[in-house]
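Below you'll find the structure, written out as structure tokens, and then a few comments.
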Amino acid sequence: MIQRFADIVTYTLLGLDPATHWGTALNFFIYDTVKIILLLLLISTLMGIVNAYMPVERLRQAITTRRLFGAQYLLASLFGAVTPFCSCSSIPLFIGFVRGGIPLGVTFSFLITSPLVNEVAVAMFLGSFGLRATIIYVASGIILGTVGGFLLGHMRLEGLLTEWVRQLQGTQAPDDGAEGHTVSLRERLPGIIRDAVGILRGVILYIVAGIGIGALMHGFVPEDFFAGFMSADKWYAVPLAVILSVPMYANAAGIVPVVQVFVAKGIPLGTAIAFMMGVVGLSLPEAMLLKKVMTWRLIAIFFGVVTAFIILSGYLFNAIL
């Protein structure tokens, strides 16, 4: 139905020729915009229900008061997956975790997974690449956060936090609020829907810009342009894609449509996903914000570990997708 709507608008109402560059580009833009918005609203609402029953304070209490034998890394990674944050907006929660006494490795699990997997990424990935690729992408993001946090946590890096963070750790974290009466899902739902609409408003410009770039690439860029740089027969394609992504910065809403066009132009899906992970999970703005809480050495270690895992994930994706 969405494709039929896009065809009617593009080729009937506007009278564009489907064989032209502009006709192809505009049809792609209308179809993907409508599809992604609908998926985003649906998945944001579902994730809002999850978030309503797993607040930050409950997570903090669970991790700091129970011995979970390593499962706390997975729990933090799962929490990162259901929070709608980019790499930069995840940092305030990261600081709150450290101040609340959560181990550094566990906070890294959250920081790694949060920008990689969220309702925006899932909605757009589901619409662009289907259920199987989406499940593999989500699972890999959670595993990457879990294993990465575990590894970083066992490297004993607490001494590489800045003095400002150590001073925060020496003060008692504020109480985020006492528990009140039980609120039913029916009572919560209007607020959850408002939050979902708020998320859409917050990323709609990224969605439009990202899909617009993807549409122009889809309509105008030759089929073999990107394949020549990151084709499947080049062993260095995945590392090159990740390295090139680090200076860039975008959230999932802005980069998934571009990745979709990369795949359409012949780049293997695993290489394209590795590029996307690098863009949303590693960025220069994130590094500058992390400088407030980490020394440059710790930032380099964090980026190095995550980069290595993303490269490995890219090769794995290419092998199984």
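Ligands are numbered from 1 in the order shown, chains are lettered A, B, ... in the order of the structure tokens, and residues start at 1 in each chain.
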Selection near Leu38 (chain A), 12 Å with only C-alpha atoms, sequence-local residues under 3 positions removed, as a ChimeraX atom specification: /A:2,31-35,41-45,119-120,123-124,126-127,196-197,200,204
Could the residues in this selection be saved with N, CA, C and O atoms as a JSON list (two decimals), in the first residue's frame?
```json
[["chain", "number", "residue", "atom", "x", "y", "z"],
["A", 2, "ILE", "N", 1.94, 1.23, 0.76],
["A", 2, "ILE", "CA", 2.81, 2.40, 0.78],
["A", 2, "ILE", "C", 3.47, 2.61, -0.58],
["A", 2, "ILE", "O", 3.58, 3.74, -1.07],
["A", 31, "TYR", "N", 8.26, 6.75, -0.52],
["A", 31, "TYR", "CA", 8.03, 5.41, 0.02],
["A", 31, "TYR", "C", 8.74, 5.21, 1.35],
["A", 31, "TYR", "O", 8.14, 4.78, 2.35],
["A", 32, "ASP", "N", 10.03, 5.52, 1.40],
["A", 32, "ASP", "CA", 10.80, 5.28, 2.61],
["A", 32, "ASP", "C", 10.38, 6.21, 3.75],
["A", 32, "ASP", "O", 10.37, 5.80, 4.92],
["A", 33, "THR", "N", 10.04, 7.44, 3.44],
["A", 33, "THR", "CA", 9.63, 8.38, 4.49],
["A", 33, "THR", "C", 8.37, 7.90, 5.19],
["A", 33, "THR", "O", 8.29, 7.85, 6.43],
["A", 34, "VAL", "N", 7.35, 7.54, 4.42],
["A", 34, "VAL", "CA", 6.09, 7.07, 5.01],
["A", 34, "VAL", "C", 6.31, 5.78, 5.79],
["A", 34, "VAL", "O", 5.84, 5.61, 6.93],
["A", 35, "LYS", "N", 7.04, 4.86, 5.21],
["A", 35, "LYS", "CA", 7.27, 3.55, 5.84],
["A", 35, "LYS", "C", 8.03, 3.71, 7.16],
["A", 35, "LYS", "O", 7.64, 3.13, 8.19],
["A", 41, "LEU", "N", 6.90, 5.15, 14.83],
["A", 41, "LEU", "CA", 5.85, 5.41, 15.81],
["A", 41, "LEU", "C", 5.44, 4.12, 16.52],
["A", 41, "LEU", "O", 5.26, 4.10, 17.75],
["A", 42, "LEU", "N", 5.30, 3.04, 15.78],
["A", 42, "LEU", "CA", 4.90, 1.77, 16.37],
["A", 42, "LEU", "C", 5.96, 1.25, 17.34],
["A", 42, "LEU", "O", 5.66, 0.90, 18.49],
["A", 43, "ILE", "N", 7.21, 1.20, 16.90],
["A", 43, "ILE", "CA", 8.26, 0.63, 17.73],
["A", 43, "ILE", "C", 8.60, 1.56, 18.90],
["A", 43, "ILE", "O", 8.92, 1.09, 20.00],
["A", 44, "SER", "N", 8.52, 2.87, 18.71],
["A", 44, "SER", "CA", 8.76, 3.80, 19.81],
["A", 44, "SER", "C", 7.73, 3.59, 20.91],
["A", 44, "SER", "O", 8.05, 3.66, 22.11],
["A", 45, "THR", "N", 6.47, 3.33, 20.53],
["A", 45, "THR", "CA", 5.44, 3.07, 21.52],
["A", 45, "THR", "C", 5.72, 1.78, 22.28],
["A", 45, "THR", "O", 5.61, 1.73, 23.51],
["A", 119, "GLU", "N", 14.97, 2.20, 19.08],
["A", 119, "GLU", "CA", 13.77, 2.02, 18.26],
["A", 119, "GLU", "C", 13.88, 2.66, 16.89],
["A", 119, "GLU", "O", 13.29, 2.18, 15.91],
["A", 120, "VAL", "N", 14.65, 3.75, 16.79],
["A", 120, "VAL", "CA", 14.84, 4.38, 15.48],
["A", 120, "VAL", "C", 15.59, 3.43, 14.55],
["A", 120, "VAL", "O", 15.17, 3.17, 13.42],
["A", 123, "ALA", "N", 13.38, 0.29, 13.74],
["A", 123, "ALA", "CA", 12.29, 0.59, 12.81],
["A", 123, "ALA", "C", 12.80, 0.77, 11.39],
["A", 123, "ALA", "O", 12.25, 0.22, 10.43],
["A", 124, "MET", "N", 13.87, 1.54, 11.25],
["A", 124, "MET", "CA", 14.39, 1.81, 9.92],
["A", 124, "MET", "C", 15.06, 0.58, 9.33],
["A", 124, "MET", "O", 14.97, 0.32, 8.13],
["A", 126, "LEU", "N", 14.28, -2.56, 10.03],
["A", 126, "LEU", "CA", 13.23, -3.50, 9.68],
["A", 126, "LEU", "C", 12.59, -3.13, 8.35],
["A", 126, "LEU", "O", 12.34, -3.99, 7.50],
["A", 127, "GLY", "N", 12.35, -1.85, 8.16],
["A", 127, "GLY", "CA", 11.75, -1.42, 6.90],
["A", 127, "GLY", "C", 12.68, -1.52, 5.72],
["A", 127, "GLY", "O", 12.24, -1.69, 4.59],
["A", 196, "ALA", "N", 6.45, 8.90, 22.20],
["A", 196, "ALA", "CA", 6.77, 8.35, 20.88],
["A", 196, "ALA", "C", 6.69, 9.43, 19.81],
["A", 196, "ALA", "O", 7.56, 9.53, 18.93],
["A", 197, "VAL", "N", 5.65, 10.27, 19.90],
["A", 197, "VAL", "CA", 5.52, 11.38, 18.96],
["A", 197, "VAL", "C", 6.66, 12.37, 19.17],
["A", 197, "VAL", "O", 7.21, 12.92, 18.20],
["A", 200, "LEU", "N", 9.67, 11.08, 17.47],
["A", 200, "LEU", "CA", 9.54, 11.30, 16.03],
["A", 200, "LEU", "C", 9.87, 12.75, 15.68],
["A", 200, "LEU", "O", 10.58, 13.02, 14.71],
["A", 204, "ILE", "N", 12.78, 13.68, 13.12],
["A", 204, "ILE", "CA", 12.16, 13.77, 11.79],
["A", 204, "ILE", "C", 13.06, 14.48, 10.79],
["A", 204, "ILE", "O", 13.12, 14.09, 9.62]]
```
9 Å contact set for Ala272 (chain A), only C-alpha atoms, chain neighbours under 5 positions out, as a count of residues only: 10
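Proximity to His154 (chain A) was assessed for A:Gly105, A:Gly191, A:Gly80, A:Gly198 counting only C-alpha atoms; the smallest distance is recorded for A:Gly105.
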9 Å contact set for Leu104 (chain A), only C-alpha atoms, chain neighbours under 4 positions out, as a list in words: Phe97, Val98, Phe108, Ser109, Gly149, Leu152, Gly153, Arg156, Leu157 and Glu158 of chain A
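The spacing separating CA of Trp22 (chain A) from CA of Ala215 (chain A) amounts to 9.1 Å.
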Non-local contacts of Ile211 (chain A) (9 Å; only C-alpha atoms; under 4 positions in same chain excluded) as a PyMOL selection string: chain A and resi 28-30+32-33+206-207+215-216+253-258
Export all heavy atoms of the chosen residues as a short mmCIF file (atom, residue, chain, number, x, y, z; two decimals), in the first residue's frame?
```cif
data_model
loop_
_atom_site.label_atom_id
_atom_site.label_comp_id
_atom_site.auth_asym_id
_atom_site.auth_seq_id
_atom_site.Cartn_x
_atom_site.Cartn_y
_atom_site.Cartn_z
N PHE A 28 11.46 6.83 -4.29
CA PHE A 28 12.20 6.25 -3.17
C PHE A 28 12.00 7.07 -1.91
O PHE A 28 11.77 6.54 -0.82
CB PHE A 28 13.69 6.18 -3.53
CG PHE A 28 14.59 5.66 -2.44
CD1 PHE A 28 14.93 4.32 -2.38
CD2 PHE A 28 15.10 6.52 -1.47
CE1 PHE A 28 15.76 3.84 -1.38
CE2 PHE A 28 15.92 6.05 -0.47
CZ PHE A 28 16.26 4.70 -0.42
N PHE A 29 12.06 8.40 -2.05
CA PHE A 29 11.94 9.30 -0.90
C PHE A 29 10.55 9.19 -0.25
O PHE A 29 10.43 9.06 0.98
CB PHE A 29 12.19 10.74 -1.34
CG PHE A 29 12.01 11.75 -0.24
CD1 PHE A 29 13.02 11.97 0.68
CD2 PHE A 29 10.85 12.48 -0.14
CE1 PHE A 29 12.85 12.89 1.70
CE2 PHE A 29 10.67 13.41 0.87
CZ PHE A 29 11.68 13.62 1.80
N ILE A 30 9.50 9.22 -1.05
CA ILE A 30 8.14 9.16 -0.50
C ILE A 30 7.89 7.81 0.16
O ILE A 30 7.37 7.73 1.28
CB ILE A 30 7.11 9.42 -1.62
CG1 ILE A 30 7.24 10.85 -2.13
CG2 ILE A 30 5.69 9.17 -1.11
CD1 ILE A 30 6.38 11.15 -3.34
N ASP A 32 10.03 5.52 1.40
CA ASP A 32 10.80 5.28 2.61
C ASP A 32 10.38 6.21 3.75
O ASP A 32 10.37 5.80 4.92
CB ASP A 32 12.30 5.45 2.33
CG ASP A 32 12.99 4.11 2.14
OD1 ASP A 32 12.35 3.24 1.52
OD2 ASP A 32 14.12 3.93 2.61
N THR A 33 10.04 7.44 3.44
CA THR A 33 9.63 8.38 4.49
C THR A 33 8.37 7.90 5.19
O THR A 33 8.29 7.85 6.43
CB THR A 33 9.41 9.78 3.90
OG1 THR A 33 10.63 10.26 3.31
CG2 THR A 33 8.97 10.76 4.99
N TYR A 206 16.33 14.44 10.82
CA TYR A 206 17.36 13.48 10.45
C TYR A 206 16.81 12.44 9.48
O TYR A 206 17.49 12.02 8.54
CB TYR A 206 17.90 12.77 11.70
CG TYR A 206 18.66 13.67 12.64
CD1 TYR A 206 18.05 14.17 13.78
CD2 TYR A 206 19.98 14.01 12.39
CE1 TYR A 206 18.75 14.99 14.66
CE2 TYR A 206 20.70 14.83 13.25
CZ TYR A 206 20.07 15.32 14.39
OH TYR A 206 20.76 16.13 15.25
N ILE A 207 15.57 12.02 9.72
CA ILE A 207 14.95 11.04 8.83
C ILE A 207 14.83 11.61 7.42
O ILE A 207 15.22 10.98 6.43
CB ILE A 207 13.57 10.63 9.38
CG1 ILE A 207 13.73 9.79 10.66
CG2 ILE A 207 12.80 9.83 8.33
CD1 ILE A 207 12.42 9.42 11.31
N ALA A 215 17.87 9.00 -1.29
CA ALA A 215 17.09 9.07 -2.52
C ALA A 215 17.92 9.64 -3.67
O ALA A 215 17.86 9.14 -4.81
CB ALA A 215 15.84 9.93 -2.30
N LEU A 216 18.69 10.69 -3.40
CA LEU A 216 19.53 11.27 -4.45
C LEU A 216 20.60 10.27 -4.90
O LEU A 216 20.87 10.15 -6.10
CB LEU A 216 20.19 12.55 -3.94
CG LEU A 216 19.24 13.74 -3.72
CD1 LEU A 216 19.98 14.91 -3.08
CD2 LEU A 216 18.60 14.18 -5.04
N ALA A 253 18.70 7.48 12.38
CA ALA A 253 17.70 8.02 11.46
C ALA A 253 18.35 8.63 10.22
O ALA A 253 17.79 8.58 9.12
CB ALA A 253 16.85 9.08 12.17
N GLY A 254 19.53 9.19 10.40
CA GLY A 254 20.18 9.83 9.27
C GLY A 254 21.01 8.89 8.42
O GLY A 254 21.22 9.16 7.24
N ILE A 255 21.48 7.79 9.00
CA ILE A 255 22.45 6.95 8.29
C ILE A 255 21.85 5.70 7.67
O ILE A 255 22.35 5.20 6.66
CB ILE A 255 23.62 6.58 9.22
CG1 ILE A 255 24.85 6.15 8.40
CG2 ILE A 255 23.22 5.50 10.21
CD1 ILE A 255 25.41 7.24 7.54
N VAL A 256 20.75 5.17 8.22
CA VAL A 256 20.18 3.93 7.68
C VAL A 256 19.76 4.07 6.21
O VAL A 256 20.03 3.18 5.40
CB VAL A 256 19.01 3.43 8.55
CG1 VAL A 256 18.29 2.26 7.87
CG2 VAL A 256 19.52 2.98 9.90
N PRO A 257 19.09 5.18 5.81
CA PRO A 257 18.76 5.30 4.39
C PRO A 257 19.99 5.31 3.49
O PRO A 257 19.95 4.81 2.37
CB PRO A 257 18.01 6.64 4.32
CG PRO A 257 17.49 6.85 5.70
CD PRO A 257 18.53 6.29 6.61
N VAL A 258 21.08 5.90 3.97
CA VAL A 258 22.31 5.90 3.19
C VAL A 258 22.86 4.48 3.07
O VAL A 258 23.31 4.06 2.00
CB VAL A 258 23.35 6.83 3.84
CG1 VAL A 258 24.66 6.81 3.07
CG2 VAL A 258 22.80 8.25 3.93
#
```
